[in-house]
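Have a look at the structure below before the remarks.
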Amino acid sequence: MLDSLMIEVHDLTKRYPGHTAVDGITFTVGRGEVVGFLGPNGAGKSTTMRILACFLPATGGTARVAGFDVYREPDEVRRRIGYMPESNPLHLDMRVREYLKFRARLKGLGWRRSRDRVDTVLQQCGLTDVHRRITGQLSKGYRQRVGLADALVHEPDLIILDEPTVGLDPHQIRTVRSLIKELGKTTTILLSTHILPEVEMTCSRVLILNQGRILAADTTENLERKLSLDGQVIAEIAAPQDALRDCWRDLPEIERWDVAPADGEWFRVALTPRNGADLRPLVFAIVRENNWSLRELTRSRHSLEDIFVHLTRQNRKEIPGA
């Protein structure tokens, strides 16, 4: 079981004078997973990532990457991770290829291996056409790509990406997103971002952090299912209003119902199940049995943004003026 885990965090804590940034969190990430690390600003995401990347010591608890302790065996951990921080610390006076070769050698690659890996990541990250350019002369999007290439150049087992698409335009975001999805086929990825649709499209699981604590750790489908226990169904039906009201009143499957005029002979019906069951088959059967007309039948669903807002608001401490 332990061999299947890439990240093992137990009771991890980071305190500063007067402030606890990370408050006893525990989670695991399996090998080959692409996990979204979500939370509002100040939730403790970047602090946790810096601890995992051996850039910051923890106050308490343990963290292991590929079986190695980040405190006792930092060199072994660094060999196995590629870390791209939010503020990308590039050498702006170096050419792209020169910089990546320099970084590859710093990470322990030999001369021949570093050359081959630089050629590979230049192609992977769409940097071949600008490999002779000075890094400081590149656009924000290309600098982000250089940072990503830097994180990949030594073929790490784990890639930690802290806001990799911040400041990029929609076309650049799509390019980086496609690259992350491709990398996720062979590499474990821990991804922090505020672009929630990006997480839905690239991540197999999410960790939601707020005020230094983990609120949820699950797939987006399971979180949506838990949040949507009411499973409200909306239907637009053309039928006599009194008959519509009467047909829902005594059904044991329905806890609450409402019928409101829509337009013409159509009425909008909102139904909440008693046990979270899907009421759509029942509604369709009733409409067909009564020879009524049906033009809409949908079940309410929640996006990752809905889940995120619901959990973080529910957990938020009362702050004056918030």
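The chains in the structure tokens are called A, B, ... from first to last as shown; in each chain the residues are counted from 1, and the ligands are counted from 1 in the order shown.
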Exercise. DSSP on the backbone: what in segment 58-153 of chain A comes out helix (DSSP H, G or I), as a ChimeraX atom specification?
Worked result: /A:74-80,96-106,111-124,128-130,135-137,140-152
Dump as JSON lines the rows for residues of segment 213-246 of chain A within 7 Å of segment 257-266 of chain A: closest atom pair and distance in Å with one decimal, only C-alpha atoms counted, ordered by chain and rising residue number.
{"residue": "A:Glu236", "atom": "CA", "partner": "A:Trp266", "partner_atom": "CA", "distance": 6.3}
{"residue": "A:Ile237", "atom": "CA", "partner": "A:Trp266", "partner_atom": "CA", "distance": 5.4}
{"residue": "A:Ala238", "atom": "CA", "partner": "A:Trp266", "partner_atom": "CA", "distance": 4.3}
{"residue": "A:Ala239", "atom": "CA", "partner": "A:Glu265", "partner_atom": "CA", "distance": 6.8}
{"residue": "A:Arg245", "atom": "CA", "partner": "A:Val259", "partner_atom": "CA", "distance": 6.7}
So that I can check the surroundings of Val199 of chain A, please list as a PDB file with all heavy atoms, in the first residue's frame every protein, DNA and RNA residue that reaches within 10 Å of it, counting only C-alpha atoms and ignoring chain neighbours fewer than 4 positions away.
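Everything below was put into part.pdb:
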ATOM      1  N   VAL A  34      -3.754  12.872 -10.512  1.00  0.00           N
ATOM      2  CA  VAL A  34      -3.684  14.311 -10.766  1.00  0.00           C
ATOM      3  C   VAL A  34      -4.685  14.942  -9.801  1.00  0.00           C
ATOM      4  O   VAL A  34      -5.896  14.773  -9.952  1.00  0.00           O
ATOM      5  CB  VAL A  34      -4.034  14.660 -12.219  1.00  0.00           C
ATOM      6  CG1 VAL A  34      -3.933  16.168 -12.436  1.00  0.00           C
ATOM      7  CG2 VAL A  34      -3.107  13.928 -13.181  1.00  0.00           C
ATOM      8  N   VAL A  35      -4.165  15.643  -8.797  1.00  0.00           N
ATOM      9  CA  VAL A  35      -4.994  16.133  -7.698  1.00  0.00           C
ATOM     10  C   VAL A  35      -5.017  17.654  -7.690  1.00  0.00           C
ATOM     11  O   VAL A  35      -3.960  18.299  -7.737  1.00  0.00           O
ATOM     12  CB  VAL A  35      -4.477  15.604  -6.339  1.00  0.00           C
ATOM     13  CG1 VAL A  35      -5.266  16.202  -5.188  1.00  0.00           C
ATOM     14  CG2 VAL A  35      -4.567  14.084  -6.302  1.00  0.00           C
ATOM     15  N   GLY A  36      -6.202  18.229  -7.638  1.00  0.00           N
ATOM     16  CA  GLY A  36      -6.356  19.671  -7.519  1.00  0.00           C
ATOM     17  C   GLY A  36      -6.313  20.085  -6.058  1.00  0.00           C
ATOM     18  O   GLY A  36      -7.013  19.508  -5.223  1.00  0.00           O
ATOM     19  N   PHE A  37      -5.507  21.088  -5.759  1.00  0.00           N
ATOM     20  CA  PHE A  37      -5.335  21.588  -4.387  1.00  0.00           C
ATOM     21  C   PHE A  37      -5.975  22.966  -4.347  1.00  0.00           C
ATOM     22  O   PHE A  37      -5.413  23.938  -4.873  1.00  0.00           O
ATOM     23  CB  PHE A  37      -3.838  21.654  -4.066  1.00  0.00           C
ATOM     24  CG  PHE A  37      -3.515  21.596  -2.601  1.00  0.00           C
ATOM     25  CD1 PHE A  37      -4.270  20.846  -1.720  1.00  0.00           C
ATOM     26  CD2 PHE A  37      -2.419  22.279  -2.102  1.00  0.00           C
ATOM     27  CE1 PHE A  37      -3.960  20.782  -0.373  1.00  0.00           C
ATOM     28  CE2 PHE A  37      -2.091  22.222  -0.762  1.00  0.00           C
ATOM     29  CZ  PHE A  37      -2.864  21.474   0.103  1.00  0.00           C
ATOM     30  N   LEU A  38      -7.168  23.055  -3.758  1.00  0.00           N
ATOM     31  CA  LEU A  38      -7.990  24.253  -3.870  1.00  0.00           C
ATOM     32  C   LEU A  38      -8.175  24.935  -2.527  1.00  0.00           C
ATOM     33  O   LEU A  38      -8.119  24.304  -1.476  1.00  0.00           O
ATOM     34  CB  LEU A  38      -9.367  23.895  -4.432  1.00  0.00           C
ATOM     35  CG  LEU A  38      -9.396  23.045  -5.697  1.00  0.00           C
ATOM     36  CD1 LEU A  38     -10.829  22.761  -6.093  1.00  0.00           C
ATOM     37  CD2 LEU A  38      -8.643  23.723  -6.817  1.00  0.00           C
ATOM     38  N   ARG A 177      -3.042  23.743 -20.022  1.00  0.00           N
ATOM     39  CA  ARG A 177      -3.978  22.726 -19.553  1.00  0.00           C
ATOM     40  C   ARG A 177      -3.797  21.415 -20.322  1.00  0.00           C
ATOM     41  O   ARG A 177      -3.785  20.324 -19.740  1.00  0.00           O
ATOM     42  CB  ARG A 177      -5.404  23.223 -19.707  1.00  0.00           C
ATOM     43  CG  ARG A 177      -6.468  22.240 -19.233  1.00  0.00           C
ATOM     44  CD  ARG A 177      -7.844  22.676 -19.689  1.00  0.00           C
ATOM     45  NE  ARG A 177      -8.182  23.978 -19.168  1.00  0.00           N
ATOM     46  CZ  ARG A 177      -8.978  24.836 -19.783  1.00  0.00           C
ATOM     47  NH1 ARG A 177      -9.500  24.531 -20.956  1.00  0.00           N
ATOM     48  NH2 ARG A 177      -9.259  26.010 -19.243  1.00  0.00           N
ATOM     49  N   LEU A 191      -1.780  20.093  -8.229  1.00  0.00           N
ATOM     50  CA  LEU A 191      -2.033  21.332  -8.950  1.00  0.00           C
ATOM     51  C   LEU A 191      -2.863  22.288  -8.110  1.00  0.00           C
ATOM     52  O   LEU A 191      -3.970  21.958  -7.684  1.00  0.00           O
ATOM     53  CB  LEU A 191      -2.769  21.018 -10.262  1.00  0.00           C
ATOM     54  CG  LEU A 191      -3.403  22.161 -11.034  1.00  0.00           C
ATOM     55  CD1 LEU A 191      -2.316  23.074 -11.605  1.00  0.00           C
ATOM     56  CD2 LEU A 191      -4.287  21.637 -12.153  1.00  0.00           C
ATOM     57  N   SER A 192      -2.333  23.484  -7.880  1.00  0.00           N
ATOM     58  CA  SER A 192      -3.082  24.543  -7.207  1.00  0.00           C
ATOM     59  C   SER A 192      -3.500  25.581  -8.240  1.00  0.00           C
ATOM     60  O   SER A 192      -2.664  26.035  -9.037  1.00  0.00           O
ATOM     61  CB  SER A 192      -2.222  25.197  -6.126  1.00  0.00           C
ATOM     62  OG  SER A 192      -2.867  26.361  -5.621  1.00  0.00           O
ATOM     63  N   THR A 193      -4.771  25.935  -8.256  1.00  0.00           N
ATOM     64  CA  THR A 193      -5.250  26.939  -9.197  1.00  0.00           C
ATOM     65  C   THR A 193      -6.567  27.517  -8.701  1.00  0.00           C
ATOM     66  O   THR A 193      -7.289  26.887  -7.925  1.00  0.00           O
ATOM     67  CB  THR A 193      -5.450  26.348 -10.606  1.00  0.00           C
ATOM     68  OG1 THR A 193      -5.921  27.356 -11.504  1.00  0.00           O
ATOM     69  CG2 THR A 193      -6.430  25.192 -10.583  1.00  0.00           C
ATOM     70  N   HIS A 194      -6.875  28.746  -9.152  1.00  0.00           N
ATOM     71  CA  HIS A 194      -8.171  29.355  -8.859  1.00  0.00           C
ATOM     72  C   HIS A 194      -9.136  29.181 -10.028  1.00  0.00           C
ATOM     73  O   HIS A 194     -10.293  29.590  -9.940  1.00  0.00           O
ATOM     74  CB  HIS A 194      -8.003  30.849  -8.556  1.00  0.00           C
ATOM     75  CG  HIS A 194      -7.457  31.111  -7.193  1.00  0.00           C
ATOM     76  ND1 HIS A 194      -6.163  31.494  -6.965  1.00  0.00           N
ATOM     77  CD2 HIS A 194      -8.028  31.011  -5.969  1.00  0.00           C
ATOM     78  CE1 HIS A 194      -5.953  31.635  -5.664  1.00  0.00           C
ATOM     79  NE2 HIS A 194      -7.076  31.350  -5.044  1.00  0.00           N
ATOM     80  N   ILE A 195      -8.669  28.597 -11.129  1.00  0.00           N
ATOM     81  CA  ILE A 195      -9.525  28.386 -12.291  1.00  0.00           C
ATOM     82  C   ILE A 195     -10.177  27.017 -12.137  1.00  0.00           C
ATOM     83  O   ILE A 195      -9.630  25.988 -12.519  1.00  0.00           O
ATOM     84  CB  ILE A 195      -8.714  28.487 -13.600  1.00  0.00           C
ATOM     85  CG1 ILE A 195      -7.990  29.833 -13.665  1.00  0.00           C
ATOM     86  CG2 ILE A 195      -9.629  28.325 -14.807  1.00  0.00           C
ATOM     87  CD1 ILE A 195      -7.081  29.993 -14.863  1.00  0.00           C
ATOM     88  N   CYS A 203      -8.216  17.102 -13.272  1.00  0.00           N
ATOM     89  CA  CYS A 203      -7.897  16.412 -12.013  1.00  0.00           C
ATOM     90  C   CYS A 203      -8.845  15.249 -11.734  1.00  0.00           C
ATOM     91  O   CYS A 203     -10.053  15.346 -11.970  1.00  0.00           O
ATOM     92  CB  CYS A 203      -7.943  17.394 -10.843  1.00  0.00           C
ATOM     93  SG  CYS A 203      -6.708  18.707 -10.972  1.00  0.00           S
ATOM     94  N   SER A 204      -8.278  14.161 -11.224  1.00  0.00           N
ATOM     95  CA  SER A 204      -9.081  13.002 -10.855  1.00  0.00           C
ATOM     96  C   SER A 204      -9.676  13.154  -9.455  1.00  0.00           C
ATOM     97  O   SER A 204     -10.649  12.485  -9.113  1.00  0.00           O
ATOM     98  CB  SER A 204      -8.220  11.733 -10.907  1.00  0.00           C
ATOM     99  OG  SER A 204      -7.075  11.864 -10.073  1.00  0.00           O
ATOM    100  N   ARG A 205      -9.089  14.043  -8.644  1.00  0.00           N
ATOM    101  CA  ARG A 205      -9.538  14.221  -7.265  1.00  0.00           C
ATOM    102  C   ARG A 205      -9.181  15.631  -6.815  1.00  0.00           C
ATOM    103  O   ARG A 205      -8.285  16.250  -7.381  1.00  0.00           O
ATOM    104  CB  ARG A 205      -8.849  13.192  -6.361  1.00  0.00           C
ATOM    105  CG  ARG A 205      -9.432  13.041  -4.976  1.00  0.00           C
ATOM    106  CD  ARG A 205      -9.002  11.716  -4.345  1.00  0.00           C
ATOM    107  NE  ARG A 205      -7.570  11.592  -4.222  1.00  0.00           N
ATOM    108  CZ  ARG A 205      -6.874  11.901  -3.120  1.00  0.00           C
ATOM    109  NH1 ARG A 205      -7.503  12.357  -2.050  1.00  0.00           N
ATOM    110  NH2 ARG A 205      -5.574  11.746  -3.080  1.00  0.00           N
ATOM    111  N   VAL A 206      -9.899  16.144  -5.805  1.00  0.00           N
ATOM    112  CA  VAL A 206      -9.607  17.480  -5.293  1.00  0.00           C
ATOM    113  C   VAL A 206      -9.453  17.447  -3.777  1.00  0.00           C
ATOM    114  O   VAL A 206     -10.094  16.646  -3.088  1.00  0.00           O
ATOM    115  CB  VAL A 206     -10.710  18.506  -5.673  1.00  0.00           C
ATOM    116  CG1 VAL A 206     -10.779  18.701  -7.163  1.00  0.00           C
ATOM    117  CG2 VAL A 206     -12.064  18.103  -5.118  1.00  0.00           C
ATOM    118  N   THR A 220     -14.612  15.036  -7.779  1.00  0.00           N
ATOM    119  CA  THR A 220     -15.624  16.081  -7.963  1.00  0.00           C
ATOM    120  C   THR A 220     -17.015  15.456  -8.064  1.00  0.00           C
ATOM    121  O   THR A 220     -17.998  16.039  -7.604  1.00  0.00           O
ATOM    122  CB  THR A 220     -15.326  16.911  -9.225  1.00  0.00           C
ATOM    123  OG1 THR A 220     -15.185  16.037 -10.355  1.00  0.00           O
ATOM    124  CG2 THR A 220     -14.045  17.711  -9.060  1.00  0.00           C
ATOM    125  N   LEU A 304     -18.068  22.539  -9.603  1.00  0.00           N
ATOM    126  CA  LEU A 304     -17.010  22.574  -8.600  1.00  0.00           C
ATOM    127  C   LEU A 304     -16.978  23.935  -7.911  1.00  0.00           C
ATOM    128  O   LEU A 304     -16.673  24.027  -6.727  1.00  0.00           O
ATOM    129  CB  LEU A 304     -15.662  22.269  -9.255  1.00  0.00           C
ATOM    130  CG  LEU A 304     -14.456  22.185  -8.314  1.00  0.00           C
ATOM    131  CD1 LEU A 304     -14.678  21.163  -7.212  1.00  0.00           C
ATOM    132  CD2 LEU A 304     -13.194  21.862  -9.102  1.00  0.00           C
TER     133      LEU A 304
END
Using only C-alpha atoms, find each residue of segment 136-248 of chain A with at least one atom at most 12 Å away from an atom of segment 280-297 of chain A; report its shortest atom-to-atom pair and that distance in Å (one decimal), sort the rows by chain and rising residue number, and return the result as a tab-separated table.
residue	atom	partner	partner_atom	distance
A:Gly231	CA	A:Arg280	CA	10.1
A:Gln232	CA	A:Arg280	CA	9.7
A:Val233	CA	A:Arg280	CA	6.9
A:Ile234	CA	A:Leu297	CA	5.8
A:Ala235	CA	A:Leu297	CA	4.5
A:Glu236	CA	A:Glu296	CA	5.0
A:Ile237	CA	A:Leu294	CA	4.7
A:Ala238	CA	A:Ser293	CA	5.1
A:Ala239	CA	A:Trp292	CA	5.7
A:Pro240	CA	A:Trp292	CA	9.0
A:Gln241	CA	A:Trp292	CA	11.5
A:Ala243	CA	A:Asn290	CA	9.7
A:Leu244	CA	A:Val287	CA	9.7
A:Asp246	CA	A:Ile286	CA	11.9
A:Cys247	CA	A:Ile286	CA	8.3
A:Trp248	CA	A:Val283	CA	9.5
Using the selection just defined, write its residues with C-alpha atoms as a PDB file, in the first residue's frame.
ATOM      1  CA  GLY A 231     -31.651  16.153  -6.004  1.00  0.00           C
ATOM      2  CA  GLN A 232     -34.324  18.681  -6.936  1.00  0.00           C
ATOM      3  CA  VAL A 233     -36.031  18.027 -10.266  1.00  0.00           C
ATOM      4  CA  ILE A 234     -37.429  20.797 -12.456  1.00  0.00           C
ATOM      5  CA  ALA A 235     -40.096  20.000 -15.038  1.00  0.00           C
ATOM      6  CA  GLU A 236     -42.176  22.153 -17.391  1.00  0.00           C
ATOM      7  CA  ILE A 237     -45.508  20.481 -18.066  1.00  0.00           C
ATOM      8  CA  ALA A 238     -48.631  21.502 -19.989  1.00  0.00           C
ATOM      9  CA  ALA A 239     -51.531  20.246 -17.862  1.00  0.00           C
ATOM     10  CA  PRO A 240     -54.460  21.489 -15.740  1.00  0.00           C
ATOM     11  CA  GLN A 241     -52.998  23.289 -12.713  1.00  0.00           C
ATOM     12  CA  ALA A 243     -54.380  18.141 -11.536  1.00  0.00           C
ATOM     13  CA  LEU A 244     -50.683  18.988 -11.371  1.00  0.00           C
ATOM     14  CA  ASP A 246     -52.977  16.925  -6.788  1.00  0.00           C
ATOM     15  CA  CYS A 247     -50.629  14.386  -8.388  1.00  0.00           C
ATOM     16  CA  TRP A 248     -47.588  15.289  -6.218  1.00  0.00           C
TER      17      TRP A 248
END
Skip segment 153-158 of chain A itself and residues of its chain fewer than 4 positions away, then list as an mmCIF file with N, CA and C atoms, in the first residue's frame all residues within 10 Å of it, counting only C-alpha atoms.
data_model
loop_
_atom_site.group_PDB
_atom_site.id
_atom_site.type_symbol
_atom_site.label_atom_id
_atom_site.label_comp_id
_atom_site.auth_asym_id
_atom_site.auth_seq_id
_atom_site.Cartn_x
_atom_site.Cartn_y
_atom_site.Cartn_z
ATOM 1 N N MET A 6 2.375 8.452 -3.415
ATOM 2 C CA MET A 6 3.435 9.387 -3.759
ATOM 3 C C MET A 6 3.614 10.426 -2.662
ATOM 4 N N ILE A 7 2.518 10.906 -2.081
ATOM 5 C CA ILE A 7 2.573 11.895 -1.003
ATOM 6 C C ILE A 7 1.844 11.344 0.215
ATOM 7 N N ARG A 31 0.237 7.348 -6.448
ATOM 8 C CA ARG A 31 1.052 7.449 -7.660
ATOM 9 C C ARG A 31 0.153 7.476 -8.881
ATOM 10 N N GLY A 32 0.437 8.397 -9.789
ATOM 11 C CA GLY A 32 -0.340 8.513 -11.015
ATOM 12 C C GLY A 32 -1.580 9.372 -10.907
ATOM 13 N N GLU A 33 -1.881 9.893 -9.722
ATOM 14 C CA GLU A 33 -3.048 10.769 -9.564
ATOM 15 C C GLU A 33 -2.734 12.188 -10.022
ATOM 16 N N VAL A 34 -3.754 12.872 -10.512
ATOM 17 C CA VAL A 34 -3.684 14.311 -10.766
ATOM 18 C C VAL A 34 -4.685 14.942 -9.801
ATOM 19 N N ALA A 53 7.990 20.574 -1.105
ATOM 20 C CA ALA A 53 9.122 20.792 -2.010
ATOM 21 C C ALA A 53 10.423 21.069 -1.262
ATOM 22 N N VAL A 65 7.499 12.115 0.541
ATOM 23 C CA VAL A 65 7.320 12.089 -0.911
ATOM 24 C C VAL A 65 8.071 10.867 -1.434
ATOM 25 N N ALA A 66 7.352 9.994 -2.136
ATOM 26 C CA ALA A 66 7.934 8.760 -2.673
ATOM 27 C C ALA A 66 8.618 7.944 -1.576
ATOM 28 N N VAL A 77 14.138 13.729 -1.742
ATOM 29 C CA VAL A 77 12.846 14.282 -2.160
ATOM 30 C C VAL A 77 13.024 15.192 -3.365
ATOM 31 N N ARG A 78 14.013 16.064 -3.318
ATOM 32 C CA ARG A 78 14.220 17.025 -4.411
ATOM 33 C C ARG A 78 14.526 16.322 -5.735
ATOM 34 N N ARG A 79 15.181 15.181 -5.672
ATOM 35 C CA ARG A 79 15.471 14.443 -6.901
ATOM 36 C C ARG A 79 14.202 13.932 -7.568
ATOM 37 N N ARG A 80 13.150 13.796 -6.793
ATOM 38 C CA ARG A 80 11.935 13.154 -7.291
ATOM 39 C C ARG A 80 10.789 14.112 -7.569
ATOM 40 N N ILE A 81 10.988 15.399 -7.316
ATOM 41 C CA ILE A 81 9.908 16.360 -7.559
ATOM 42 C C ILE A 81 10.345 17.447 -8.529
ATOM 43 N N GLY A 82 9.356 17.949 -9.264
ATOM 44 C CA GLY A 82 9.530 19.159 -10.053
ATOM 45 C C GLY A 82 8.568 20.189 -9.502
ATOM 46 N N TYR A 83 9.085 21.329 -9.092
ATOM 47 C CA TYR A 83 8.257 22.328 -8.399
ATOM 48 C C TYR A 83 8.242 23.616 -9.201
ATOM 49 N N LEU A 100 17.778 26.151 -19.342
ATOM 50 C CA LEU A 100 17.285 24.799 -19.048
ATOM 51 C C LEU A 100 18.433 23.799 -18.910
ATOM 52 N N LYS A 101 19.491 23.961 -19.702
ATOM 53 C CA LYS A 101 20.667 23.103 -19.541
ATOM 54 C C LYS A 101 21.319 23.333 -18.181
ATOM 55 N N ARG A 103 19.840 24.389 -15.475
ATOM 56 C CA ARG A 103 18.986 23.813 -14.444
ATOM 57 C C ARG A 103 19.084 22.279 -14.430
ATOM 58 N N ALA A 104 19.180 21.672 -15.607
ATOM 59 C CA ALA A 104 19.294 20.217 -15.676
ATOM 60 C C ALA A 104 20.571 19.734 -14.999
ATOM 61 N N ARG A 105 21.684 20.455 -15.218
ATOM 62 C CA ARG A 105 22.946 20.065 -14.593
ATOM 63 C C ARG A 105 22.884 20.258 -13.079
ATOM 64 N N LEU A 106 22.215 21.339 -12.636
ATOM 65 C CA LEU A 106 22.050 21.552 -11.200
ATOM 66 C C LEU A 106 21.256 20.412 -10.553
ATOM 67 N N LYS A 107 20.348 19.834 -11.311
ATOM 68 C CA LYS A 107 19.508 18.759 -10.785
ATOM 69 C C LYS A 107 20.152 17.391 -10.927
ATOM 70 N N GLY A 108 21.433 17.358 -11.323
ATOM 71 C CA GLY A 108 22.183 16.111 -11.300
ATOM 72 C C GLY A 108 22.273 15.355 -12.603
ATOM 73 N N LEU A 109 21.747 15.908 -13.691
ATOM 74 C CA LEU A 109 21.827 15.224 -14.972
ATOM 75 C C LEU A 109 23.209 15.418 -15.586
ATOM 76 N N ARG A 113 22.766 13.517 -21.014
ATOM 77 C CA ARG A 113 21.379 13.372 -20.576
ATOM 78 C C ARG A 113 20.688 14.719 -20.482
ATOM 79 N N SER A 114 21.380 15.731 -19.994
ATOM 80 C CA SER A 114 20.778 17.066 -19.886
ATOM 81 C C SER A 114 20.443 17.616 -21.266
ATOM 82 N N ARG A 115 21.302 17.374 -22.243
ATOM 83 C CA ARG A 115 21.029 17.850 -23.606
ATOM 84 C C ARG A 115 19.769 17.188 -24.166
ATOM 85 N N ASP A 116 19.656 15.862 -23.980
ATOM 86 C CA ASP A 116 18.494 15.146 -24.497
ATOM 87 C C ASP A 116 17.205 15.600 -23.813
ATOM 88 N N ARG A 117 17.278 15.781 -22.475
ATOM 89 C CA ARG A 117 16.077 16.182 -21.746
ATOM 90 C C ARG A 117 15.661 17.605 -22.098
ATOM 91 N N VAL A 118 16.613 18.488 -22.315
ATOM 92 C CA VAL A 118 16.268 19.858 -22.702
ATOM 93 C C VAL A 118 15.560 19.859 -24.051
ATOM 94 N N ASP A 119 16.055 19.053 -25.009
ATOM 95 C CA ASP A 119 15.379 18.957 -26.305
ATOM 96 C C ASP A 119 13.937 18.469 -26.127
ATOM 97 N N THR A 120 13.759 17.501 -25.229
ATOM 98 C CA THR A 120 12.423 16.935 -25.000
ATOM 99 C C THR A 120 11.470 17.961 -24.399
ATOM 100 N N VAL A 121 11.904 18.657 -23.343
ATOM 101 C CA VAL A 121 10.982 19.596 -22.684
ATOM 102 C C VAL A 121 10.749 20.845 -23.526
ATOM 103 N N LEU A 122 11.722 21.230 -24.355
ATOM 104 C CA LEU A 122 11.485 22.339 -25.281
ATOM 105 C C LEU A 122 10.335 22.008 -26.219
ATOM 106 N N LEU A 148 7.657 25.707 -16.422
ATOM 107 C CA LEU A 148 7.137 24.347 -16.459
ATOM 108 C C LEU A 148 8.192 23.390 -17.026
ATOM 109 N N ALA A 149 8.891 23.831 -18.064
ATOM 110 C CA ALA A 149 9.966 23.010 -18.623
ATOM 111 C C ALA A 149 11.056 22.759 -17.584
ATOM 112 N N GLY A 184 -0.219 14.111 -16.945
ATOM 113 C CA GLY A 184 -0.931 13.337 -15.953
ATOM 114 C C GLY A 184 -1.098 11.873 -16.312
ATOM 115 N N THR A 186 1.318 9.932 -17.130
ATOM 116 C CA THR A 186 2.502 9.181 -16.695
ATOM 117 C C THR A 186 3.098 9.679 -15.385
ATOM 118 N N THR A 187 2.637 10.833 -14.879
ATOM 119 C CA THR A 187 3.286 11.465 -13.730
ATOM 120 C C THR A 187 2.239 11.880 -12.697
ATOM 121 N N THR A 188 2.611 11.827 -11.427
ATOM 122 C CA THR A 188 1.746 12.334 -10.359
ATOM 123 C C THR A 188 1.824 13.858 -10.346
ATOM 124 N N ILE A 189 0.677 14.531 -10.249
ATOM 125 C CA ILE A 189 0.640 15.997 -10.287
ATOM 126 C C ILE A 189 -0.210 16.515 -9.135
ATOM 127 N N LEU A 190 0.321 17.505 -8.425
ATOM 128 C CA LEU A 190 -0.433 18.258 -7.420
ATOM 129 C C LEU A 190 -0.558 19.674 -7.947
#
For this session: Please provide as a ChimeraX atom specification all residues within 8 Å of Asn88 of chain A, with the sequence filter that same-chain residues fewer than 5 positions apart are discarded (counting only C-alpha atoms).
Result: /A:143-144,147
Need to verify the contact set: Ala43 of chain A, 7 Å, only C-alpha atoms, exclusion of same-chain residues closer than 5 positions in sequence. Can you return it as a compact mmCIF listing (two decimals) with all heavy atoms, in the first residue's frame?
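Result written to part_16.txt:
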# COMPACT_ATOMS: atom_id res chain seq x y z
N LEU A 209 -8.96 23.19 0.84
CA LEU A 209 -8.33 23.68 2.07
C LEU A 209 -8.89 25.05 2.41
O LEU A 209 -9.12 25.87 1.51
CB LEU A 209 -6.82 23.76 1.84
CG LEU A 209 -5.89 23.88 3.05
CD1 LEU A 209 -5.89 22.58 3.84
CD2 LEU A 209 -4.46 24.18 2.57
N ASN A 210 -9.13 25.30 3.69
CA ASN A 210 -9.57 26.62 4.12
C ASN A 210 -9.08 26.87 5.54
O ASN A 210 -9.19 25.99 6.40
CB ASN A 210 -11.10 26.75 4.07
CG ASN A 210 -11.56 28.18 4.21
OD1 ASN A 210 -10.89 29.11 3.77
ND2 ASN A 210 -12.71 28.39 4.83
N GLN A 211 -8.49 28.04 5.77
CA GLN A 211 -7.99 28.41 7.09
C GLN A 211 -7.07 27.34 7.66
O GLN A 211 -7.08 27.02 8.84
CB GLN A 211 -9.16 28.70 8.04
CG GLN A 211 -9.99 29.88 7.59
CD GLN A 211 -11.20 30.11 8.46
OE1 GLN A 211 -11.57 29.30 9.30
NE2 GLN A 211 -11.85 31.26 8.26
N GLY A 212 -6.24 26.77 6.77
CA GLY A 212 -5.23 25.80 7.19
C GLY A 212 -5.73 24.40 7.44
O GLY A 212 -4.97 23.54 7.87
For this session: For each of A:Val176, A:Val309, A:Ala58, A:Met49, take the minimum atom-to-atom distance to Thr20 of chain A, counting only C-alpha atoms, then give the residue where this is smallest.
Result: A:Ala58
